[in-house]
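Okay, entry.tsv is below, TSV, C-alpha atoms (C1' of nucleotides):
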chain	number	residue	atom	x	y	z
A	1	MET	CA	27.89	-3.27	19.61
A	2	VAL	CA	30.34	-6.07	19.11
A	3	ALA	CA	27.87	-8.85	19.00
A	4	GLY	CA	26.95	-12.30	17.86
A	5	PRO	CA	24.60	-12.55	14.94
A	6	LEU	CA	21.28	-12.83	16.74
A	7	PRO	CA	21.41	-11.48	20.24
A	8	ALA	CA	17.90	-11.60	21.65
A	9	PRO	CA	17.05	-7.93	21.91
A	10	SER	CA	17.28	-6.74	25.47
A	11	GLY	CA	18.05	-3.57	27.32
A	12	PRO	CA	16.14	-0.38	27.86
A	13	GLY	CA	13.62	0.37	25.17
A	14	LYS	CA	13.58	-3.21	23.91
A	15	ASP	CA	10.25	-3.97	25.54
A	16	ARG	CA	8.57	-1.26	23.52
A	17	LEU	CA	10.31	-2.30	20.34
A	18	ARG	CA	9.17	-5.86	20.87
A	19	LEU	CA	5.64	-4.63	21.51
A	20	TRP	CA	5.66	-2.67	18.29
A	21	VAL	CA	6.83	-5.67	16.28
A	22	ARG	CA	4.07	-7.85	17.75
A	23	LEU	CA	1.46	-5.20	17.20
A	24	LEU	CA	2.44	-4.77	13.59
A	25	ARG	CA	2.50	-8.51	12.90
A	26	ALA	CA	-0.89	-9.00	14.49
A	27	SER	CA	-2.54	-6.25	12.56
A	28	ARG	CA	-0.90	-7.25	9.29
A	29	SER	CA	-2.00	-10.85	9.71
A	30	ILE	CA	-5.58	-9.88	10.39
A	31	GLU	CA	-5.59	-7.27	7.65
A	32	ALA	CA	-4.31	-9.74	5.08
A	33	GLU	CA	-7.01	-12.22	5.99
A	34	LEU	CA	-9.75	-9.60	5.83
A	35	ARG	CA	-8.51	-8.30	2.48
A	36	GLU	CA	-8.54	-11.80	1.08
A	37	ARG	CA	-12.07	-12.51	2.29
A	38	LEU	CA	-13.42	-9.17	1.08
A	39	ARG	CA	-12.01	-9.89	-2.35
A	40	ARG	CA	-13.15	-13.49	-2.51
A	41	GLU	CA	-16.62	-13.10	-1.08
A	42	PHE	CA	-17.62	-9.58	-2.03
A	43	ASN	CA	-15.22	-8.60	-4.77
A	44	THR	CA	-14.21	-5.47	-2.90
A	45	THR	CA	-11.19	-4.13	-1.05
A	46	LEU	CA	-10.31	-3.01	2.44
A	47	PRO	CA	-9.88	0.68	1.52
A	48	ARG	CA	-13.30	0.73	-0.11
A	49	PHE	CA	-14.76	-1.01	2.91
A	50	ASP	CA	-13.14	1.53	5.21
A	51	VAL	CA	-14.57	4.45	3.28
A	52	MET	CA	-18.02	2.91	3.21
A	53	ALA	CA	-17.84	2.18	6.93
A	54	ALA	CA	-17.01	5.80	7.66
A	55	LEU	CA	-19.87	7.01	5.48
A	56	TYR	CA	-22.31	4.53	6.98
A	57	ARG	CA	-21.78	6.13	10.37
A	58	ALA	CA	-22.40	9.56	8.87
A	59	PRO	CA	-25.73	9.57	7.03
A	60	GLU	CA	-25.47	13.32	6.53
A	61	GLY	CA	-22.27	12.76	4.57
A	62	MET	CA	-18.62	13.60	4.96
A	63	LEU	CA	-16.22	15.95	3.23
A	64	MET	CA	-13.21	14.47	1.47
A	65	SER	CA	-10.99	15.99	4.13
A	66	ASP	CA	-13.13	14.47	6.90
A	67	LEU	CA	-12.64	11.07	5.33
A	68	SER	CA	-8.94	11.58	4.93
A	69	ARG	CA	-8.55	12.67	8.56
A	70	PHE	CA	-10.74	9.92	9.91
A	71	LEU	CA	-9.11	7.15	7.94
A	72	LEU	CA	-5.58	8.42	8.50
A	73	VAL	CA	-4.76	8.47	4.81
A	74	SER	CA	-3.78	11.23	2.43
A	75	ASN	CA	-6.21	13.46	0.56
A	76	GLY	CA	-5.16	12.24	-2.82
A	77	ASN	CA	-5.71	8.71	-1.73
A	78	VAL	CA	-9.33	9.31	-0.79
A	79	THR	CA	-9.95	10.94	-4.15
A	80	GLY	CA	-9.07	7.74	-5.97
A	81	ILE	CA	-11.04	5.42	-3.72
A	82	VAL	CA	-14.13	7.62	-3.83
A	83	ASP	CA	-13.80	7.88	-7.62
A	84	ARG	CA	-14.02	4.12	-7.86
A	85	LEU	CA	-16.92	3.88	-5.43
A	86	VAL	CA	-18.77	6.54	-7.42
A	87	SER	CA	-18.21	4.66	-10.65
A	88	GLU	CA	-19.61	1.57	-8.95
A	89	GLY	CA	-22.70	3.50	-7.92
A	90	LEU	CA	-22.11	2.99	-4.21
A	91	VAL	CA	-21.35	6.60	-3.33
A	92	THR	CA	-22.18	10.12	-4.51
A	93	ARG	CA	-20.35	13.42	-4.43
A	94	ALA	CA	-22.77	16.27	-3.93
A	95	ARG	CA	-21.58	19.81	-4.57
A	96	ARG	CA	-22.56	22.13	-1.80
A	97	ASN	CA	-24.09	25.55	-2.19
A	98	GLY	CA	-22.34	27.03	0.79
A	99	ASP	CA	-18.75	26.30	-0.10
A	100	ARG	CA	-18.07	25.34	-3.67
A	101	ARG	CA	-14.65	23.96	-2.94
A	102	THR	CA	-16.11	21.05	-1.05
A	103	SER	CA	-18.47	18.22	-1.80
A	104	MET	CA	-20.43	16.00	0.49
A	105	VAL	CA	-19.76	12.34	0.01
A	106	ARG	CA	-22.59	9.99	0.87
A	107	LEU	CA	-23.50	6.36	0.44
A	108	THR	CA	-26.18	5.76	-2.16
A	109	GLU	CA	-29.15	3.61	-1.26
A	110	GLU	CA	-27.44	0.75	-3.03
A	111	GLY	CA	-24.16	1.46	-1.26
A	112	SER	CA	-25.84	1.47	2.08
A	113	LYS	CA	-27.54	-1.85	1.46
A	114	ALA	CA	-24.37	-3.40	0.13
A	115	PHE	CA	-22.39	-2.16	3.09
A	116	ALA	CA	-24.82	-3.57	5.64
A	117	VAL	CA	-24.35	-7.03	4.20
A	118	ILE	CA	-20.58	-6.81	4.05
A	119	ALA	CA	-20.34	-5.30	7.52
A	120	ALA	CA	-22.26	-8.18	9.03
A	121	ALA	CA	-19.85	-10.66	7.48
A	122	HIS	CA	-16.92	-8.51	8.53
A	123	GLU	CA	-18.04	-8.49	12.12
A	124	SER	CA	-18.42	-12.20	12.24
A	125	TRP	CA	-14.99	-12.66	10.65
A	126	ILE	CA	-13.47	-10.53	13.36
A	127	GLY	CA	-15.26	-12.57	15.96
A	128	GLU	CA	-13.78	-15.67	14.41
A	129	LEU	CA	-10.26	-14.35	13.85
A	130	LEU	CA	-10.04	-12.89	17.34
A	131	GLY	CA	-11.93	-15.80	18.83
A	132	ASN	CA	-9.00	-16.76	21.01
A	133	VAL	CA	-8.94	-13.40	22.69
A	134	SER	CA	-11.36	-13.63	25.59
A	135	GLU	CA	-13.97	-10.93	26.01
A	136	ASP	CA	-12.20	-9.85	29.14
A	137	GLU	CA	-8.81	-9.65	27.46
A	138	ALA	CA	-10.40	-7.80	24.58
A	139	ARG	CA	-11.73	-5.16	26.92
A	140	ARG	CA	-8.43	-4.76	28.73
A	141	LEU	CA	-6.46	-4.52	25.51
A	142	THR	CA	-8.95	-2.01	24.19
A	143	GLY	CA	-8.50	0.03	27.35
A	144	MET	CA	-4.74	0.11	26.92
A	145	LEU	CA	-5.07	1.07	23.29
A	146	ASP	CA	-7.51	3.82	24.21
A	147	SER	CA	-5.08	5.36	26.62
A	148	PHE	CA	-2.36	5.02	24.03
A	149	ARG	CA	-4.61	6.83	21.61
A	150	SER	CA	-5.41	9.75	23.85
A	151	ASN	CA	-1.73	10.19	24.62
A	152	TRP	CA	-0.93	9.95	20.93
A	153	GLU	CA	-3.43	12.57	19.94
A	154	GLY	CA	-2.17	14.92	22.61
A	155	ARG	CA	1.46	14.73	21.57
A	156	GLU	CA	3.48	17.23	19.57
B	1	MET	CA	-33.26	14.56	15.83
B	2	VAL	CA	-34.80	11.25	16.49
B	3	ALA	CA	-32.30	8.45	16.42
B	4	GLY	CA	-28.82	9.40	17.53
B	5	PRO	CA	-26.74	9.00	14.39
B	6	LEU	CA	-23.94	7.14	16.12
B	7	PRO	CA	-25.21	4.52	18.53
B	8	ALA	CA	-22.20	3.09	20.34
B	9	PRO	CA	-21.86	-0.44	19.01
B	10	SER	CA	-22.82	-2.99	21.61
B	11	GLY	CA	-23.88	-6.58	21.78
B	12	PRO	CA	-22.05	-9.85	21.47
B	13	GLY	CA	-18.94	-9.71	19.36
B	14	LYS	CA	-18.72	-5.94	19.63
B	15	ASP	CA	-15.86	-6.08	22.10
B	16	ARG	CA	-13.64	-7.85	19.61
B	17	LEU	CA	-14.68	-5.57	16.80
B	18	ARG	CA	-13.86	-2.58	18.92
B	19	LEU	CA	-10.50	-4.10	19.77
B	20	TRP	CA	-9.73	-4.63	16.12
B	21	VAL	CA	-10.57	-1.04	15.25
B	22	ARG	CA	-8.30	0.25	18.02
B	23	LEU	CA	-5.50	-2.09	17.04
B	24	LEU	CA	-5.66	-1.00	13.45
B	25	ARG	CA	-5.74	2.68	14.31
B	26	ALA	CA	-2.80	2.36	16.66
B	27	SER	CA	-0.63	0.52	14.20
B	28	ARG	CA	-1.58	2.81	11.34
B	29	SER	CA	-0.76	5.90	13.36
B	30	ILE	CA	2.62	4.58	14.35
B	31	GLU	CA	3.34	3.25	10.88
B	32	ALA	CA	2.53	6.59	9.28
B	33	GLU	CA	4.85	8.40	11.65
B	34	LEU	CA	7.69	5.93	11.05
B	35	ARG	CA	7.25	6.12	7.30
B	36	GLU	CA	7.40	9.88	7.43
B	37	ARG	CA	10.57	9.90	9.53
B	38	LEU	CA	12.31	7.25	7.44
B	39	ARG	CA	11.64	9.32	4.38
B	40	ARG	CA	12.60	12.65	5.88
B	41	GLU	CA	15.70	11.57	7.75
B	42	PHE	CA	17.04	8.68	5.71
B	43	ASN	CA	15.34	8.96	2.36
B	44	THR	CA	14.09	5.40	2.58
B	45	THR	CA	10.80	3.56	3.06
B	46	LEU	CA	9.25	1.18	5.54
B	47	PRO	CA	9.22	-1.81	3.15
B	48	ARG	CA	12.92	-1.34	2.41
B	49	PHE	CA	13.61	-1.01	6.13
B	50	ASP	CA	11.66	-4.19	6.82
B	51	VAL	CA	13.61	-6.16	4.24
B	52	MET	CA	16.92	-4.86	5.53
B	53	ALA	CA	15.92	-5.65	9.11
B	54	ALA	CA	15.14	-9.23	8.15
B	55	LEU	CA	18.47	-9.58	6.34
B	56	TYR	CA	20.40	-8.00	9.19
B	57	ARG	CA	19.22	-10.80	11.45
B	58	ALA	CA	20.36	-13.37	8.89
B	59	PRO	CA	24.00	-12.77	7.96
B	60	GLU	CA	24.03	-16.00	5.97
B	61	GLY	CA	21.29	-14.58	3.75
B	62	MET	CA	17.68	-15.38	2.97
B	63	LEU	CA	15.82	-16.75	0.00
B	64	MET	CA	13.20	-14.58	-1.64
B	65	SER	CA	10.53	-16.94	-0.37
B	66	ASP	CA	11.94	-16.72	3.18
B	67	LEU	CA	11.63	-12.97	3.01
B	68	SER	CA	8.14	-13.15	1.65
B	69	ARG	CA	7.02	-15.56	4.37
B	70	PHE	CA	8.74	-13.66	7.15
B	71	LEU	CA	7.42	-10.26	6.13
B	72	LEU	CA	3.92	-11.52	5.36
B	73	VAL	CA	3.92	-10.07	1.87
B	74	SER	CA	3.62	-11.62	-1.56
B	75	ASN	CA	6.49	-13.00	-3.61
B	76	GLY	CA	6.14	-10.49	-6.37
B	77	ASN	CA	6.26	-7.71	-3.85
B	78	VAL	CA	9.60	-8.80	-2.47
B	79	THR	CA	11.02	-8.96	-5.98
B	80	GLY	CA	10.40	-5.28	-6.52
B	81	ILE	CA	11.72	-4.12	-3.17
B	82	VAL	CA	14.88	-6.22	-3.47
B	83	ASP	CA	15.37	-4.94	-7.02
B	84	ARG	CA	15.44	-1.40	-5.69
B	85	LEU	CA	17.74	-2.25	-2.81
B	86	VAL	CA	20.11	-3.97	-5.24
B	87	SER	CA	20.17	-0.96	-7.49
B	88	GLU	CA	21.00	1.16	-4.45
B	89	GLY	CA	23.91	-1.14	-3.62
B	90	LEU	CA	22.50	-2.13	-0.24
B	91	VAL	CA	21.76	-5.76	-1.03
B	92	THR	CA	23.01	-8.54	-3.30
B	93	ARG	CA	21.35	-11.51	-4.94
B	94	ALA	CA	23.81	-14.40	-5.12
B	95	ARG	CA	22.95	-17.32	-7.39
B	96	ARG	CA	23.48	-20.60	-5.65
B	97	ASN	CA	25.22	-23.62	-7.09
B	98	GLY	CA	22.92	-26.12	-5.46
B	99	ASP	CA	19.57	-24.91	-6.72
B	100	ARG	CA	19.61	-22.51	-9.60
B	101	ARG	CA	16.03	-21.45	-9.12
B	102	THR	CA	16.92	-19.66	-5.92
B	103	SER	CA	19.24	-16.88	-4.94
B	104	MET	CA	20.55	-15.85	-1.57
B	105	VAL	CA	19.79	-12.27	-0.69
B	106	ARG	CA	22.26	-10.59	1.63
B	107	LEU	CA	23.04	-7.12	2.87
B	108	THR	CA	26.18	-5.65	1.40
B	109	GLU	CA	28.80	-4.14	3.68
B	110	GLU	CA	27.34	-0.76	2.88
B	111	GLY	CA	23.81	-1.98	3.45
B	112	SER	CA	24.74	-3.38	6.81
B	113	LYS	CA	26.35	-0.14	7.94
B	114	ALA	CA	23.47	1.92	6.67
B	115	PHE	CA	20.96	-0.31	8.40
B	116	ALA	CA	22.71	-0.14	11.75
B	117	VAL	CA	22.40	3.63	11.74
B	118	ILE	CA	18.76	3.63	10.70
B	119	ALA	CA	17.86	0.87	13.15
B	120	ALA	CA	19.27	2.85	16.07
B	121	ALA	CA	17.14	5.84	15.12
B	122	HIS	CA	14.15	3.57	14.58
B	123	GLU	CA	14.47	2.06	18.03
B	124	SER	CA	14.63	5.43	19.69
B	125	TRP	CA	11.61	6.61	17.71
B	126	ILE	CA	9.64	3.64	18.96
B	127	GLY	CA	10.74	4.44	22.49
B	128	GLU	CA	9.48	7.94	22.00
B	129	LEU	CA	6.23	7.10	20.21
B	130	LEU	CA	5.32	4.40	22.72
B	131	GLY	CA	6.69	6.42	25.59
B	132	ASN	CA	3.32	6.58	27.28
B	133	VAL	CA	3.03	2.83	27.46
B	134	SER	CA	4.75	1.79	30.66
B	135	GLU	CA	7.33	-0.97	30.54
B	136	ASP	CA	4.96	-3.11	32.50
B	137	GLU	CA	2.05	-2.48	30.20
B	138	ALA	CA	4.31	-3.12	27.24
B	139	ARG	CA	5.20	-6.53	28.58
B	140	ARG	CA	1.60	-7.44	29.32
B	141	LEU	CA	0.42	-6.32	25.91
B	142	THR	CA	3.25	-8.23	24.30
B	143	GLY	CA	2.21	-11.32	26.22
B	144	MET	CA	-1.36	-11.05	24.97
B	145	LEU	CA	-0.20	-10.51	21.42
B	146	ASP	CA	2.11	-13.51	21.70
B	147	SER	CA	-0.70	-15.76	22.71
B	148	PHE	CA	-2.81	-14.32	19.93
B	149	ARG	CA	0.00	-15.11	17.54
B	150	SER	CA	0.43	-18.71	18.55
B	151	ASN	CA	-3.30	-19.28	18.26
B	152	TRP	CA	-3.28	-17.55	14.92
B	153	GLU	CA	-0.51	-19.66	13.53
B	154	GLY	CA	-2.17	-22.81	14.74
B	155	ARG	CA	-5.45	-22.10	13.00
B	156	GLU	CA	-6.27	-24.27	10.04
C	1	DT	C1'	14.93	-41.73	-19.67
C	2	DT	C1'	11.28	-38.70	-19.85
C	3	DA	C1'	6.97	-36.72	-18.52
C	4	DT	C1'	4.75	-34.66	-15.11
C	5	DG	C1'	4.35	-32.21	-11.23
C	6	DA	C1'	6.08	-29.19	-7.78
C	7	DA	C1'	8.88	-25.29	-6.26
C	8	DA	C1'	11.24	-20.64	-6.58
C	9	DC	C1'	10.95	-16.72	-8.84
C	10	DT	C1'	9.52	-12.94	-12.04
C	11	DT	C1'	6.27	-10.41	-14.66
C	12	DC	C1'	2.09	-8.07	-15.16
C	13	DA	C1'	-2.21	-5.28	-14.64
C	14	DA	C1'	-4.89	-3.14	-11.42
C	15	DG	C1'	-5.39	-0.84	-7.43
C	16	DC	C1'	-3.55	1.56	-3.16
C	17	DT	C1'	-0.55	5.14	-1.11
C	18	DT	C1'	2.25	9.04	-0.50
C	19	DG	C1'	4.05	13.82	-0.86
C	20	DA	C1'	4.36	17.60	-3.85
C	21	DA	C1'	2.48	20.61	-7.11
C	22	DA	C1'	-1.50	22.61	-9.27
C	23	DT	C1'	-6.55	24.53	-9.12
C	24	DA	C1'	-10.17	26.68	-7.37
C	25	DA	C1'	-12.86	28.90	-3.82
C	26	DT	C1'	-13.03	31.29	0.49
C	27	DT	C1'	-11.45	34.35	4.17
C	28	DC	C1'	-8.93	38.00	6.07
C	29	DA	C1'	-6.19	42.28	6.52
C	30	DC	C1'	-6.10	46.44	5.05
D	1	DG	C1'	-13.00	46.10	-2.48
D	2	DT	C1'	-8.23	44.15	-3.44
D	3	DG	C1'	-4.64	41.29	-2.76
D	4	DA	C1'	-2.57	37.84	0.17
D	5	DA	C1'	-3.06	33.91	2.81
D	6	DT	C1'	-5.75	29.82	3.71
D	7	DT	C1'	-8.53	25.84	2.78
D	8	DA	C1'	-10.49	21.95	0.00
D	9	DT	C1'	-9.63	19.22	-3.42
D	10	DT	C1'	-7.43	17.02	-7.55
D	11	DT	C1'	-3.57	15.60	-10.26
D	12	DC	C1'	0.69	13.39	-10.78
D	13	DA	C1'	4.92	10.41	-10.53
D	14	DA	C1'	6.97	7.04	-7.96
D	15	DG	C1'	6.70	3.31	-5.19
D	16	DC	C1'	4.07	-0.50	-2.73
D	17	DT	C1'	0.88	-4.49	-2.95
D	18	DT	C1'	-1.78	-8.21	-4.57
D	19	DG	C1'	-3.25	-12.35	-7.19
D	20	DA	C1'	-2.72	-14.58	-11.43
D	21	DA	C1'	-0.07	-16.17	-15.09
D	22	DG	C1'	4.39	-17.32	-16.94
D	23	DT	C1'	9.44	-19.12	-16.74
D	24	DT	C1'	12.99	-21.88	-15.23
D	25	DT	C1'	14.74	-25.46	-12.46
D	26	DC	C1'	14.38	-29.41	-9.68
D	27	DA	C1'	12.34	-33.96	-7.96
D	28	DT	C1'	9.81	-38.14	-8.70
D	29	DA	C1'	8.41	-42.10	-10.65
D	30	DA	C1'	6.98	-45.02	-14.48
Output the file's structure as structure tokens, nothing else.
Amino acid sequence: MVAGPLPAPSGPGKDRLRLWVRLLRASRSIEAELRERLRREFNTTLPRFDVMAALYRAPEGMLMSDLSRFLLVSNGNVTGIVDRLVSEGLVTRARRNGDRRTSMVRLTEEGSKAFAVIAAAHESWIGELLGNVSEDEARRLTGMLDSFRSNWEGRE
Amino acid sequence: MVAGPLPAPSGPGKDRLRLWVRLLRASRSIEAELRERLRREFNTTLPRFDVMAALYRAPEGMLMSDLSRFLLVSNGNVTGIVDRLVSEGLVTRARRNGDRRTSMVRLTEEGSKAFAVIAAAHESWIGELLGNVSEDEARRLTGMLDSFRSNWEGRE
DNA sequence: TTATGAAACTTCAAGCTTGAAATAATTCAC
DNA sequence: GTGAATTATTTCAAGCTTGAAGTTTCATAA
């Protein structure tokens, strides 16, 4: 490559690279805004919200490793976040009789109530922040991302 | 088993919420894979790569605040990453005569060479990881994300 | 001039994140 | 049953990230 300083990227593969850059910028922008609002309005964080959201969908509870797999983060990471949620009284770790290596993590009553409030705000924020994406576009994009996902999960 | 535990979310606004969840999962999956490969193959990190990529496009250099704005991260964050890159000899901070508050950050010769190698691998990884997105789909998705971006930047 | 305000950075504490190593409990092969 | 893998989790050091507070330098204007 002998080139001028800023050749507009082109050539095979550049379309996907460009897509990746856009995808990353979009999700970082939205994430930053959500993080900021969660902090300002509810004094919480995105990782805590993510854990609570996962647990809210699973009233019977989740193992640490379930959480880690579902949220796509490391085991050690979940330990720390759950520790903080426990110390805030939003979550419990219940030792199981069957397998004493594991513990079921569940939202407390308080955690569940708190989450419901935050989730409602969160949903309306998303509606606002993605307001310029039409419902139709949203569905088409979602479809593309779904097929990306199934291909991704089936790869080695 | 009365209520199904996981009613599929529906109703107004749910399409955008679903889109956001898919978007976040896709970018996190890809990011995790890139991070892993950068570490394994080049013993570096995504934040360092991002800074170097920005500097590579700007041979004349960038201010710390330019980097922070461009990468969508905080000022203090950039300080730390640049510190590490400097100590690795990949980047320099040059004090300017005009305004002594600022310094121009540039890739060193070594940094530039190193980046070129990593960037080539990075591009081929993206080609591989997004291989199931057709070129056509990639362009359409990019178009949607572009219009999202211009709306985003124009919001108050 | 000089103060006062803004701008560019750095520092800091707290929290998030990872990968690797350590613990503890279970399962499996024999 | 015993010992060797395997699985679930925690701990740890290093690095990333933020928002807030602090420093230095510059710009403005009275």
Proximity check chain A to chain B, 6 Å, nearest pairs one decimal Å, only C-alpha atoms, as a Markdown table:
| residue | atom | partner | partner_atom | distance |
| --- | --- | --- | --- | --- |
| A:Gly13 | CA | B:Gly127 | CA | 5.7 |
| A:Arg16 | CA | B:Ala138 | CA | 6.0 |
| A:Leu19 | CA | B:Thr142 | CA | 5.1 |
| A:Gly127 | CA | B:Gly13 | CA | 5.8 |
| A:Ala138 | CA | B:Arg16 | CA | 5.9 |
| A:Thr142 | CA | B:Leu19 | CA | 5.1 |
How close does chain C get to chain B? List, as CSV, each residue of chain C within 8 Å, its nearest atom pair and the distance in Å to one decimal, counting all atoms listed in the file.
residue,atom,partner,partner_atom,distance
C:DA8,C1',B:Arg101,CA,5.5
C:DC9,C1',B:Arg101,CA,6.9
C:DT10,C1',B:Gly76,CA,7.0
What does the distance between atom CA of Asp50 of chain A and atom C1' of DC16 of chain D come to in Å, to one decimal place?
19.1 Å
Chain D residues near chain A (8 Å cut-off, all atoms listed in the file) as a PyMOL selection string:
chain D and resi 8-10
Next, dump the selected residues to file, keeping only C-alpha atoms (C1' of nucleotides), as a short mmCIF file (atom, residue, chain, number, x, y, z; two decimals), in the frame of the given file.
data_model
loop_
_atom_site.label_atom_id
_atom_site.label_comp_id
_atom_site.auth_asym_id
_atom_site.auth_seq_id
_atom_site.Cartn_x
_atom_site.Cartn_y
_atom_site.Cartn_z
"C1'" DA D 8 -10.49 21.95 0.00
"C1'" DT D 9 -9.63 19.22 -3.42
"C1'" DT D 10 -7.43 17.02 -7.55
#
What do you get for the Cα RMSD if chain A is superposed onto chain B using all Cα atoms in their order?
1.8 Å
Work out how far apart atom CA of Ala54 of chain B and atom CA of Asp83 of chain B are and give it in Å to one decimal.
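Atom CA of Asp83 of chain B lies 15.8 Å from atom CA of Ala54 of chain B.
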Using all atoms listed in the file, which protein or nucleic acid residues come within 12 Å of DA14 of chain C? Drop anything in the same chain fewer than 4 positions from it, and give the result as an NGL selection string.
:D and (17-20)
From the list A:Asn97, A:Thr92, A:Ser74, A:Thr45, which residue is nearest Glu33 of chain A when using all atoms listed in the file?
A:Thr45
Å distance separating atom CA of Ile81 of chain B from atom CA of Val51 of chain B, one decimal place
7.9 Å
Please, what is the axis-aligned box for every listed atom of segment 65-84 of chain B with 8 Å on each side, as centre and edge lengths in Å to one decimal, as JSON?
{"center_x": 9.5, "center_y": -9.2, "center_z": 0.1, "size_x": 27.8, "size_y": 31.5, "size_z": 30.2}
For the point (27.7, -1.9, 3.5) in file coordinates, what residues are within 12 Å, counting only C-alpha atoms (C1' of nucleotides)? Give the answer as a PyMOL selection string?
chain B and resi 52+56+85-86+88-92+106-117
Could you write out the selected residues, including C-alpha atoms, as a PDB file, in the coordinates of the input?
ATOM      1  CA  MET B  52      16.920  -4.860   5.530  1.00  0.00           C
ATOM      2  CA  TYR B  56      20.400  -8.000   9.190  1.00  0.00           C
ATOM      3  CA  LEU B  85      17.740  -2.250  -2.810  1.00  0.00           C
ATOM      4  CA  VAL B  86      20.110  -3.970  -5.240  1.00  0.00           C
ATOM      5  CA  GLU B  88      21.000   1.160  -4.450  1.00  0.00           C
ATOM      6  CA  GLY B  89      23.910  -1.140  -3.620  1.00  0.00           C
ATOM      7  CA  LEU B  90      22.500  -2.130  -0.240  1.00  0.00           C
ATOM      8  CA  VAL B  91      21.760  -5.760  -1.030  1.00  0.00           C
ATOM      9  CA  THR B  92      23.010  -8.540  -3.300  1.00  0.00           C
ATOM     10  CA  ARG B 106      22.260 -10.590   1.630  1.00  0.00           C
ATOM     11  CA  LEU B 107      23.040  -7.120   2.870  1.00  0.00           C
ATOM     12  CA  THR B 108      26.180  -5.650   1.400  1.00  0.00           C
ATOM     13  CA  GLU B 109      28.800  -4.140   3.680  1.00  0.00           C
ATOM     14  CA  GLU B 110      27.340  -0.760   2.880  1.00  0.00           C
ATOM     15  CA  GLY B 111      23.810  -1.980   3.450  1.00  0.00           C
ATOM     16  CA  SER B 112      24.740  -3.380   6.810  1.00  0.00           C
ATOM     17  CA  LYS B 113      26.350  -0.140   7.940  1.00  0.00           C
ATOM     18  CA  ALA B 114      23.470   1.920   6.670  1.00  0.00           C
ATOM     19  CA  PHE B 115      20.960  -0.310   8.400  1.00  0.00           C
ATOM     20  CA  ALA B 116      22.710  -0.140  11.750  1.00  0.00           C
ATOM     21  CA  VAL B 117      22.400   3.630  11.740  1.00  0.00           C
TER      22      VAL B 117
END
Please list as a VMD selection string every residue within 12 Å of DT2 of chain D, counting all atoms listed in the file and excluding residues in the same chain fewer than 2 positions away.
(chain C and resid 28 to 30) or (chain D and resid 4)
